[in-house]
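S.K.: Following this line is work.pdb, made up of PDB, C-alpha atoms:
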ATOM      1  CA  MET A  45     110.566 101.372  96.235
ATOM      2  CA  ARG A  46     111.124  99.375  99.413
ATOM      3  CA  TYR A  47     114.186  97.179  99.850
ATOM      4  CA  ASP A  48     114.681  94.229 102.168
ATOM      5  CA  GLN A  49     116.107  95.820 105.300
ATOM      6  CA  HIS A  50     118.463  94.689 108.035
ATOM      7  CA  PRO A  51     118.263  97.277 110.862
ATOM      8  CA  VAL A  52     121.486  98.561 112.434
ATOM      9  CA  ALA A  53     121.519  99.016 116.194
ATOM     10  CA  PRO A  54     122.284 102.642 117.190
ATOM     11  CA  SER A  55     125.349 101.491 119.122
ATOM     12  CA  GLN A  56     126.787  99.932 115.957
ATOM     13  CA  GLN A  57     126.114 102.717 113.459
ATOM     14  CA  ASN A  58     129.589 104.246 113.692
ATOM     15  CA  HIS A  59     131.239 100.852 113.128
ATOM     16  CA  VAL A  60     129.354  99.676 110.052
ATOM     17  CA  PRO A  61     130.982 100.609 106.711
ATOM     18  CA  ARG A  62     129.015 102.726 104.278
ATOM     19  CA  LEU A  63     129.608 100.105 101.577
ATOM     20  CA  SER A  64     131.238  96.691 101.707
ATOM     21  CA  VAL A  65     131.749  93.544  99.677
ATOM     22  CA  ALA A  66     132.815  90.139 100.972
ATOM     23  CA  GLY A  67     133.874  87.021  99.107
ATOM     24  CA  LEU A  68     133.009  88.647  95.799
ATOM     25  CA  GLN A  69     133.097  86.333  92.787
ATOM     26  CA  VAL A  70     132.312  87.472  89.240
ATOM     27  CA  ARG A  71     132.836  85.231  86.231
ATOM     28  CA  TYR A  72     132.356  85.815  82.523
ATOM     29  CA  GLY A  73     132.107  82.318  81.135
ATOM     30  CA  GLU A  74     135.292  80.571  82.255
ATOM     31  CA  ALA A  75     137.125  83.847  82.875
ATOM     32  CA  VAL A  76     137.275  84.935  86.523
ATOM     33  CA  ALA A  77     137.006  88.729  86.836
ATOM     34  CA  LEU A  78     136.814  88.915  90.648
ATOM     35  CA  ASN A  79     138.072  86.085  92.827
ATOM     36  CA  GLY A  80     136.878  86.159  96.433
ATOM     37  CA  LEU A  81     137.506  89.875  96.886
ATOM     38  CA  SER A  82     136.534  91.708 100.097
ATOM     39  CA  LEU A  83     136.589  95.474 100.659
ATOM     40  CA  ALA A  84     134.963  97.999 102.992
ATOM     41  CA  VAL A  85     134.539 101.732 102.327
ATOM     42  CA  GLN A  86     133.835 104.186 105.134
ATOM     43  CA  ASP A  87     132.140 107.576 105.113
ATOM     44  CA  GLY A  88     134.587 110.313 104.166
ATOM     45  CA  GLU A  89     136.974 107.936 102.397
ATOM     46  CA  SER A  90     138.267 108.421  98.881
ATOM     47  CA  VAL A  91     139.392 105.067  97.519
ATOM     48  CA  ALA A  92     141.378 104.809  94.290
ATOM     49  CA  ILE A  93     141.227 101.424  92.557
ATOM     50  CA  MET A  94     144.266 100.718  90.392
ATOM     51  CA  GLY A  95     145.675  97.788  88.455
ATOM     52  CA  PRO A  96     146.597  96.616  84.964
ATOM     53  CA  SER A  97     144.000  96.096  82.252
ATOM     54  CA  GLY A  98     141.946  93.004  82.997
ATOM     55  CA  SER A  99     142.650  93.123  86.740
ATOM     56  CA  GLY A 100     138.978  93.591  87.626
ATOM     57  CA  LYS A 101     138.854  97.319  88.390
ATOM     58  CA  THR A 102     135.728  98.227  86.440
ATOM     59  CA  THR A 103     134.029  94.951  87.357
ATOM     60  CA  LEU A 104     134.560  95.765  91.037
ATOM     61  CA  LEU A 105     133.136  99.247  90.601
ATOM     62  CA  HIS A 106     130.107  97.838  88.763
ATOM     63  CA  ALA A 107     129.527  95.233  91.484
ATOM     64  CA  LEU A 108     129.797  97.842  94.252
ATOM     65  CA  ALA A 109     127.328 100.067  92.418
ATOM     66  CA  GLY A 110     124.820  97.308  91.747
ATOM     67  CA  ILE A 111     125.254  97.556  87.974
ATOM     68  CA  ILE A 112     126.001  93.835  87.912
ATOM     69  CA  ARG A 113     125.043  91.097  90.360
ATOM     70  CA  PRO A 114     127.991  88.951  91.535
ATOM     71  CA  ASP A 115     128.002  85.199  91.058
ATOM     72  CA  ASP A 116     128.852  84.807  94.727
ATOM     73  CA  GLY A 117     129.568  86.981  97.748
ATOM     74  CA  THR A 118     127.771  89.913  99.350
ATOM     75  CA  VAL A 119     127.416  93.621  98.585
ATOM     76  CA  ALA A 120     126.056  95.633 101.519
ATOM     77  CA  LEU A 121     125.098  99.316 101.705
ATOM     78  CA  ARG A 122     124.363 101.201 104.916
ATOM     79  CA  THR A 123     121.609 103.720 104.316
ATOM     80  CA  LEU A 124     118.551 105.202 106.042
ATOM     81  CA  ASP A 125     114.991 103.954 106.089
ATOM     82  CA  GLY A 126     111.939 106.216 105.811
ATOM     83  CA  GLN A 127     112.181 107.093 109.519
ATOM     84  CA  GLY A 128     115.854 108.086 109.348
ATOM     85  CA  ARG A 129     117.115 104.899 111.017
ATOM     86  CA  SER A 130     120.230 103.127 109.770
ATOM     87  CA  GLN A 131     119.704  99.927 107.862
ATOM     88  CA  ILE A 132     121.747  97.536 105.753
ATOM     89  CA  VAL A 133     120.578  96.825 102.217
ATOM     90  CA  ARG A 134     121.956  93.695 100.580
ATOM     91  CA  VAL A 135     122.520  95.033  97.082
ATOM     92  CA  ASP A 136     123.360  91.595  95.701
ATOM     93  CA  GLU A 137     119.909  90.283  96.722
ATOM     94  CA  LEU A 138     117.903  93.001  94.946
ATOM     95  CA  SER A 139     116.032  92.572  91.683
ATOM     96  CA  ASP A 140     117.233  94.422  88.596
ATOM     97  CA  ALA A 141     114.491  97.048  89.059
ATOM     98  CA  ALA A 142     115.348  97.542  92.734
ATOM     99  CA  ARG A 143     119.061  97.918  91.948
ATOM    100  CA  SER A 144     118.229 100.540  89.299
ATOM    101  CA  ASP A 145     116.170 102.453  91.847
ATOM    102  CA  LEU A 146     118.957 102.163  94.414
ATOM    103  CA  ARG A 147     121.493 103.571  91.940
ATOM    104  CA  LEU A 148     119.207 106.501  91.221
ATOM    105  CA  ARG A 149     118.592 107.370  94.866
ATOM    106  CA  GLU A 150     121.699 106.299  96.756
ATOM    107  CA  PHE A 151     124.638 106.526  94.339
ATOM    108  CA  GLY A 152     126.217 109.200  92.161
ATOM    109  CA  PHE A 153     128.331 108.557  89.065
ATOM    110  CA  VAL A 154     131.081 110.472  87.253
ATOM    111  CA  PHE A 155     132.533 108.770  84.162
ATOM    112  CA  GLN A 156     135.420 109.632  81.835
ATOM    113  CA  GLN A 157     133.147 111.132  79.171
ATOM    114  CA  GLY A 158     130.602 112.349  81.707
ATOM    115  CA  MET A 159     127.825 110.109  80.293
ATOM    116  CA  LEU A 160     125.663 113.208  80.110
ATOM    117  CA  ILE A 161     122.678 113.555  77.777
ATOM    118  CA  PRO A 162     123.908 115.742  74.884
ATOM    119  CA  GLU A 163     120.413 116.890  73.869
ATOM    120  CA  LEU A 164     119.861 118.448  77.300
ATOM    121  CA  THR A 165     121.348 121.581  78.795
ATOM    122  CA  ALA A 166     123.687 121.527  81.779
ATOM    123  CA  MET A 167     120.771 122.510  83.999
ATOM    124  CA  GLU A 168     118.502 119.798  82.602
ATOM    125  CA  ASN A 169     121.180 117.116  83.040
ATOM    126  CA  VAL A 170     121.514 117.951  86.731
ATOM    127  CA  MET A 171     117.753 118.181  87.190
ATOM    128  CA  MET A 172     117.119 114.762  85.612
ATOM    129  CA  PRO A 173     117.862 112.473  88.612
ATOM    130  CA  LEU A 174     115.899 114.778  90.885
ATOM    131  CA  LEU A 175     112.840 114.679  88.640
ATOM    132  CA  LEU A 176     113.100 110.892  88.404
ATOM    133  CA  THR A 177     112.977 110.630  92.206
ATOM    134  CA  GLY A 178     109.811 112.734  92.407
ATOM    135  CA  VAL A 179     111.226 116.176  93.214
ATOM    136  CA  THR A 180     109.083 118.983  91.790
ATOM    137  CA  LYS A 181     110.381 120.815  88.733
ATOM    138  CA  SER A 182     110.740 124.103  90.601
ATOM    139  CA  GLU A 183     112.688 122.480  93.442
ATOM    140  CA  ALA A 184     114.849 120.520  90.989
ATOM    141  CA  ASN A 185     115.590 123.712  89.061
ATOM    142  CA  SER A 186     116.555 125.545  92.231
ATOM    143  CA  ARG A 187     118.777 122.744  93.535
ATOM    144  CA  ALA A 188     120.478 122.191  90.183
ATOM    145  CA  GLY A 189     121.157 125.890  89.772
ATOM    146  CA  GLN A 190     122.752 126.065  93.211
ATOM    147  CA  LEU A 191     124.980 123.057  92.537
ATOM    148  CA  LEU A 192     126.142 124.419  89.186
ATOM    149  CA  GLN A 193     126.880 127.790  90.770
ATOM    150  CA  GLU A 194     128.942 126.119  93.514
ATOM    151  CA  LEU A 195     130.967 124.352  90.819
ATOM    152  CA  GLY A 196     131.758 127.513  88.887
ATOM    153  CA  MET A 197     129.197 127.075  86.108
ATOM    154  CA  THR A 198     127.288 130.332  86.547
ATOM    155  CA  GLY A 199     126.171 131.631  83.157
ATOM    156  CA  LEU A 200     126.601 128.239  81.468
ATOM    157  CA  GLU A 201     123.481 126.549  82.816
ATOM    158  CA  GLN A 202     121.553 126.689  79.532
ATOM    159  CA  ARG A 203     124.365 125.423  77.305
ATOM    160  CA  ARG A 204     124.091 121.960  75.847
ATOM    161  CA  ILE A 205     126.864 119.513  76.659
ATOM    162  CA  GLY A 206     128.463 119.855  73.209
ATOM    163  CA  GLN A 207     128.871 123.581  73.855
ATOM    164  CA  LEU A 208     130.981 122.956  76.974
ATOM    165  CA  SER A 209     134.663 122.164  77.365
ATOM    166  CA  GLY A 210     135.692 118.787  78.765
ATOM    167  CA  GLY A 211     136.338 120.276  82.181
ATOM    168  CA  GLN A 212     133.010 122.090  82.211
ATOM    169  CA  ALA A 213     131.174 118.912  81.234
ATOM    170  CA  GLN A 214     132.812 117.061  84.128
ATOM    171  CA  ARG A 215     131.653 119.808  86.484
ATOM    172  CA  VAL A 216     128.125 119.139  85.268
ATOM    173  CA  ALA A 217     128.665 115.424  85.903
ATOM    174  CA  ILE A 218     129.848 116.162  89.456
ATOM    175  CA  ALA A 219     126.806 118.381  90.040
ATOM    176  CA  ARG A 220     124.548 115.606  88.772
ATOM    177  CA  ALA A 221     126.263 113.075  91.064
ATOM    178  CA  ARG A 222     125.595 115.380  94.024
ATOM    179  CA  ALA A 223     122.023 116.219  93.074
ATOM    180  CA  THR A 224     120.288 113.457  95.035
ATOM    181  CA  GLN A 225     122.661 113.896  98.013
ATOM    182  CA  ALA A 226     124.077 110.422  97.393
ATOM    183  CA  GLN A 227     126.404 109.199 100.130
ATOM    184  CA  VAL A 228     128.533 107.151  97.715
ATOM    185  CA  VAL A 229     129.938 108.506  94.445
ATOM    186  CA  PHE A 230     131.587 106.255  91.860
ATOM    187  CA  ALA A 231     134.024 107.657  89.321
ATOM    188  CA  ASP A 232     135.584 105.777  86.394
ATOM    189  CA  GLU A 233     138.641 107.577  84.980
ATOM    190  CA  PRO A 234     136.965 110.967  85.599
ATOM    191  CA  THR A 235     140.050 112.923  84.483
ATOM    192  CA  GLY A 236     141.232 110.565  81.743
ATOM    193  CA  ALA A 237     140.159 112.780  78.824
ATOM    194  CA  LEU A 238     141.375 116.067  80.317
ATOM    195  CA  ASP A 239     144.651 117.979  80.142
ATOM    196  CA  SER A 240     146.727 117.970  83.320
ATOM    197  CA  ARG A 241     145.659 121.390  84.590
ATOM    198  CA  THR A 242     141.957 120.805  83.964
ATOM    199  CA  ALA A 243     142.273 117.310  85.455
ATOM    200  CA  ALA A 244     143.730 118.739  88.658
ATOM    201  CA  ASP A 245     140.871 121.251  88.920
ATOM    202  CA  VAL A 246     138.208 118.589  88.321
ATOM    203  CA  LEU A 247     139.820 116.200  90.828
ATOM    204  CA  ALA A 248     139.916 118.920  93.487
ATOM    205  CA  LEU A 249     136.221 119.675  92.881
ATOM    206  CA  LEU A 250     135.327 115.991  92.994
ATOM    207  CA  LEU A 251     137.105 115.451  96.312
ATOM    208  CA  ARG A 252     135.659 118.651  97.750
ATOM    209  CA  SER A 253     132.170 117.526  96.744
ATOM    210  CA  THR A 254     132.482 114.028  98.183
ATOM    211  CA  SER A 255     134.975 112.833 100.783
ATOM    212  CA  GLU A 256     135.595 116.296 102.217
ATOM    213  CA  GLN A 257     131.860 116.477 102.947
ATOM    214  CA  GLY A 258     131.775 113.067 104.583
ATOM    215  CA  ARG A 259     130.652 111.120 101.520
ATOM    216  CA  ALA A 260     132.436 108.046 100.184
ATOM    217  CA  LEU A 261     134.227 108.205  96.840
ATOM    218  CA  VAL A 262     135.290 105.086  94.925
ATOM    219  CA  MET A 263     137.324 105.850  91.834
ATOM    220  CA  VAL A 264     138.955 103.728  89.127
ATOM    221  CA  THR A 265     142.066 105.397  87.737
ATOM    222  CA  HIS A 266     145.333 104.684  85.935
ATOM    223  CA  ASP A 267     146.757 108.052  86.988
ATOM    224  CA  LYS A 268     149.169 107.881  89.919
ATOM    225  CA  ASP A 269     148.718 111.583  90.638
ATOM    226  CA  VAL A 270     144.951 111.119  90.893
ATOM    227  CA  ALA A 271     145.408 108.098  93.158
ATOM    228  CA  ALA A 272     147.863 110.015  95.357
ATOM    229  CA  ALA A 273     145.128 112.541  96.156
ATOM    230  CA  CYS A 274     142.898 109.800  97.600
ATOM    231  CA  SER A 275     142.950 108.603 101.190
ATOM    232  CA  ARG A 276     143.491 104.963 100.158
ATOM    233  CA  VAL A 277     144.813 103.171  97.104
ATOM    234  CA  VAL A 278     143.672  99.620  96.390
ATOM    235  CA  ARG A 279     145.690  97.677  93.822
ATOM    236  CA  LEU A 280     144.141  94.731  91.993
ATOM    237  CA  ARG A 281     145.626  91.918  90.010
ATOM    238  CA  ASP A 282     143.779  88.901  88.602
ATOM    239  CA  GLY A 283     140.581  89.844  90.414
ATOM    240  CA  GLN A 284     142.139  90.077  93.865
ATOM    241  CA  ILE A 285     143.471  92.841  96.075
ATOM    242  CA  VAL A 286     147.252  92.547  96.138
ATOM    243  CA  LYS A 287     148.044  95.732  98.032
ATOM    244  CA  GLN A 288     146.428  98.605  99.918
ATOM    245  CA  ILE A 289     148.544 101.640 100.564
ATOM    246  CA  PRO A 290     148.139 105.148 102.013
ATOM    247  CA  ASP A 291     148.347 108.159  99.727
ATOM    248  CA  SER A 292     151.935 108.949 100.751
ATOM    249  CA  GLN A 293     153.057 105.718  99.077
ATOM    250  CA  ALA A 294     150.833 105.939  95.979
ATOM    251  CA  ASP A 295     153.731 106.457  93.611
TER     252      ASP A 295
END
Could you quickly redo this structure as structure tokens?
M.R.:
Amino acid sequence: MRYDQHPVAPSQQNHVPRLSVAGLQVRYGEAVALNGLSLAVQDGESVAIMGPSGSGKTTLLHALAGIIRPDDGTVALRTLDGQGRSQIVRVDELSDAARSDLRLREFGFVFQQGMLIPELTAMENVMMPLLLTGVTKSEANSRAGQLLQELGMTGLEQRRIGQLSGGQAQRVAIARARATQAQVVFADEPTGALDSRTAADVLALLLRSTSEQGRALVMVTHDKDVAAACSRVVRLRDGQIVKQIPDSQAD
């Protein structure tokens, strides 16, 4: 699927954020979820979004990922066109179908419960986004197997999700998020259902698979230890950013 494109001059490529929002407004009836919020995320950044319940954390993540269209403001993604040239895609201007396609090809997702398909095996869950983007079954199988092996899942590829521990299931979710080589990965409380030791292992794998490889990671979390591992912490209240702090001040 083709998107409306805004080419980026080669001299500007290193200065354009991977993903940005400006003047973001989202309302649910009379309730204001996001109120004029602006944020830019660079390649290689891991951004933790924190705040009390109702502050707009999940709404922001959904707007950044094109799951919802804002009532006002812009959402812009820097990506590549078919010739490998940088372009800006205005996510907020896309149709529902185009946003769905963009999420499949350009974004990866890791949620608290994994959001994996329980009827499929670990291998099949990782293969799914590849098959949906037109990758052959043999290539998808090979790529999925390699990703699962890199994440310590050797020997568990043919197990269904219900046969895996919580930590193992999250490894599958991370592999799936990496499958299409997405440059932006979104995570919503990815360690929330795990014990502290397993959570630390999963967080380390998630960071190693994203920001440490030059990809952008945007993560909603209530956990101060998780936030402290990120390169930036963004605190929300009443739909606005009230503070941005480096990891050394996350607690």
S.K.: Taking all atoms listed in the file into account, which of A:Thr254, A:Gln193, A:Thr177, A:Gln284 comes nearest Thr224 (chain A)?
M.R.: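 Answer, going by the shortest atom-to-atom distance: A:Thr177.
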S.K.: Quick one: everything within 8 Å of Leu191 (chain A), counting all atoms listed in the file, minus sequence neighbours fewer than 3 positions away in the same chain. Send it as a VMD selection string.
M.R.: chain A and resid 187 to 188 194 to 195 219 222 to 223
S.K.: Could you work out how far CA of Asp282 (chain A) lies from CA of Arg259 (chain A), giving the answer in Å with one decimal?
M.R.: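 Here the two named atoms are 28.9 Å from each other.
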S.K.: Taking the file as shown, what set of residues would the PyMOL selection byres ((chain A and resi 109) around 9) give back, as number ranges by chain?
M.R.: A: 104-108, 110-112, 119, 135, 143, 146-147, 151, 228, 230
S.K.: Using the chain letters and numbers from this file, what does the PyMOL selection byres ((chain A and resi 236) around 12) select? Give the answer as number ranges by chain.
M.R.: A: 154-158, 210-211, 214, 231-235, 237-240, 242-244, 246-247, 263-270
S.K.: What is the CA of Gln202 (chain A)-CA of Glu168 (chain A) distance in Å, reported with one decimal?
M.R.: 8.1 Å
S.K.: Rounded to one decimal in Å, what is the spacing between CA of Gly258 (chain A) and CA of Gln190 (chain A)?
M.R.: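 Taking CA of Gly258 (chain A) as the start and CA of Gln190 (chain A) as the end point, the length is 19.5 Å.
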S.K.: List as a count of residues only the protein and nucleic acid residues near Ala84 (chain A), meaning an atom at most 8 Å away when only C-alpha atoms are counted, but skip any in the same chain fewer than 3 places from it.
M.R.: 5
S.K.: With all atoms of region 195-209 of chain A from the file as input, state the centre and edge lengths in Å to one decimal of the axis-aligned box that has 6 Å extra on each side, as lines of an AutoDock Vina configuration file.
M.R.:
center_x = 128.1
center_y = 125.6
center_z = 82.0
size_x = 25.1
size_y = 24.1
size_z = 29.6
S.K.: So that I can see what lies close to Val216 (chain A), please list as a count of residues only the residues with an atom at most 8 Å from it, counting only C-alpha atoms and leaving out residues fewer than 4 positions away in the same chain.
M.R.: 6
S.K.: With all atoms listed in the file as the basis for distance, which of A:Ser139, A:Ser90, A:Ser130, A:Asp245 is at the shortest distance from Ala272 (chain A)?
M.R.: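 Closest residue, counting all atoms listed in the file: A:Ser90.
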S.K.: Just add N, CA and C atoms to region 256-281 of chain A and send it as a short mmCIF file (atom, residue, chain, number, x, y, z; two decimals), in the frame of the given file.
M.R.:
data_model
loop_
_atom_site.label_atom_id
_atom_site.label_comp_id
_atom_site.auth_asym_id
_atom_site.auth_seq_id
_atom_site.Cartn_x
_atom_site.Cartn_y
_atom_site.Cartn_z
N GLU A 256 135.41 115.18 101.30
CA GLU A 256 135.60 116.30 102.22
C GLU A 256 134.28 116.72 102.86
N GLN A 257 133.16 116.22 102.34
CA GLN A 257 131.86 116.48 102.95
C GLN A 257 131.32 115.22 103.63
N GLY A 258 132.18 114.25 103.86
CA GLY A 258 131.78 113.07 104.58
C GLY A 258 131.18 111.97 103.73
N ARG A 259 131.16 112.16 102.41
CA ARG A 259 130.65 111.12 101.52
C ARG A 259 131.79 110.19 101.12
N ALA A 260 131.44 109.01 100.65
CA ALA A 260 132.44 108.05 100.18
C ALA A 260 132.63 108.20 98.69
N LEU A 261 133.89 108.13 98.25
CA LEU A 261 134.23 108.20 96.84
C LEU A 261 135.03 106.96 96.47
N VAL A 262 134.58 106.25 95.45
CA VAL A 262 135.29 105.09 94.92
C VAL A 262 135.61 105.38 93.47
N MET A 263 136.90 105.37 93.14
CA MET A 263 137.32 105.85 91.83
C MET A 263 138.31 104.89 91.18
N VAL A 264 138.02 104.50 89.94
CA VAL A 264 138.96 103.73 89.13
C VAL A 264 139.84 104.70 88.37
N THR A 265 141.15 104.50 88.44
CA THR A 265 142.07 105.40 87.74
C THR A 265 143.36 104.68 87.38
N HIS A 266 143.98 105.12 86.29
CA HIS A 266 145.33 104.68 85.94
C HIS A 266 146.36 105.73 86.34
N ASP A 267 145.90 106.90 86.75
CA ASP A 267 146.76 108.05 86.99
C ASP A 267 147.28 108.04 88.43
N LYS A 268 148.59 107.92 88.58
CA LYS A 268 149.17 107.88 89.92
C LYS A 268 148.96 109.18 90.68
N ASP A 269 148.95 110.30 89.97
CA ASP A 269 148.72 111.58 90.64
C ASP A 269 147.29 111.66 91.18
N VAL A 270 146.34 111.16 90.42
CA VAL A 270 144.95 111.12 90.89
C VAL A 270 144.85 110.21 92.12
N ALA A 271 145.45 109.03 92.03
CA ALA A 271 145.41 108.10 93.16
C ALA A 271 146.05 108.68 94.41
N ALA A 272 147.15 109.44 94.22
CA ALA A 272 147.86 110.02 95.36
C ALA A 272 147.02 111.02 96.13
N ALA A 273 146.00 111.58 95.49
CA ALA A 273 145.13 112.54 96.16
C ALA A 273 144.07 111.86 97.01
N CYS A 274 143.92 110.54 96.86
CA CYS A 274 142.90 109.80 97.60
C CYS A 274 143.44 109.32 98.95
N SER A 275 142.54 109.02 99.86
CA SER A 275 142.95 108.60 101.19
C SER A 275 143.43 107.16 101.23
N ARG A 276 143.04 106.36 100.21
CA ARG A 276 143.49 104.96 100.16
C ARG A 276 143.61 104.53 98.71
N VAL A 277 144.62 103.73 98.44
CA VAL A 277 144.81 103.17 97.10
C VAL A 277 144.73 101.66 97.21
N VAL A 278 143.86 101.07 96.41
CA VAL A 278 143.67 99.62 96.39
C VAL A 278 144.16 99.11 95.04
N ARG A 279 145.13 98.22 95.07
CA ARG A 279 145.69 97.68 93.82
C ARG A 279 145.16 96.26 93.59
N LEU A 280 144.67 96.04 92.37
CA LEU A 280 144.14 94.73 91.99
C LEU A 280 145.05 94.04 90.99
N ARG A 281 145.00 92.74 91.04
CA ARG A 281 145.63 91.92 90.01
C ARG A 281 144.88 90.58 89.98
#
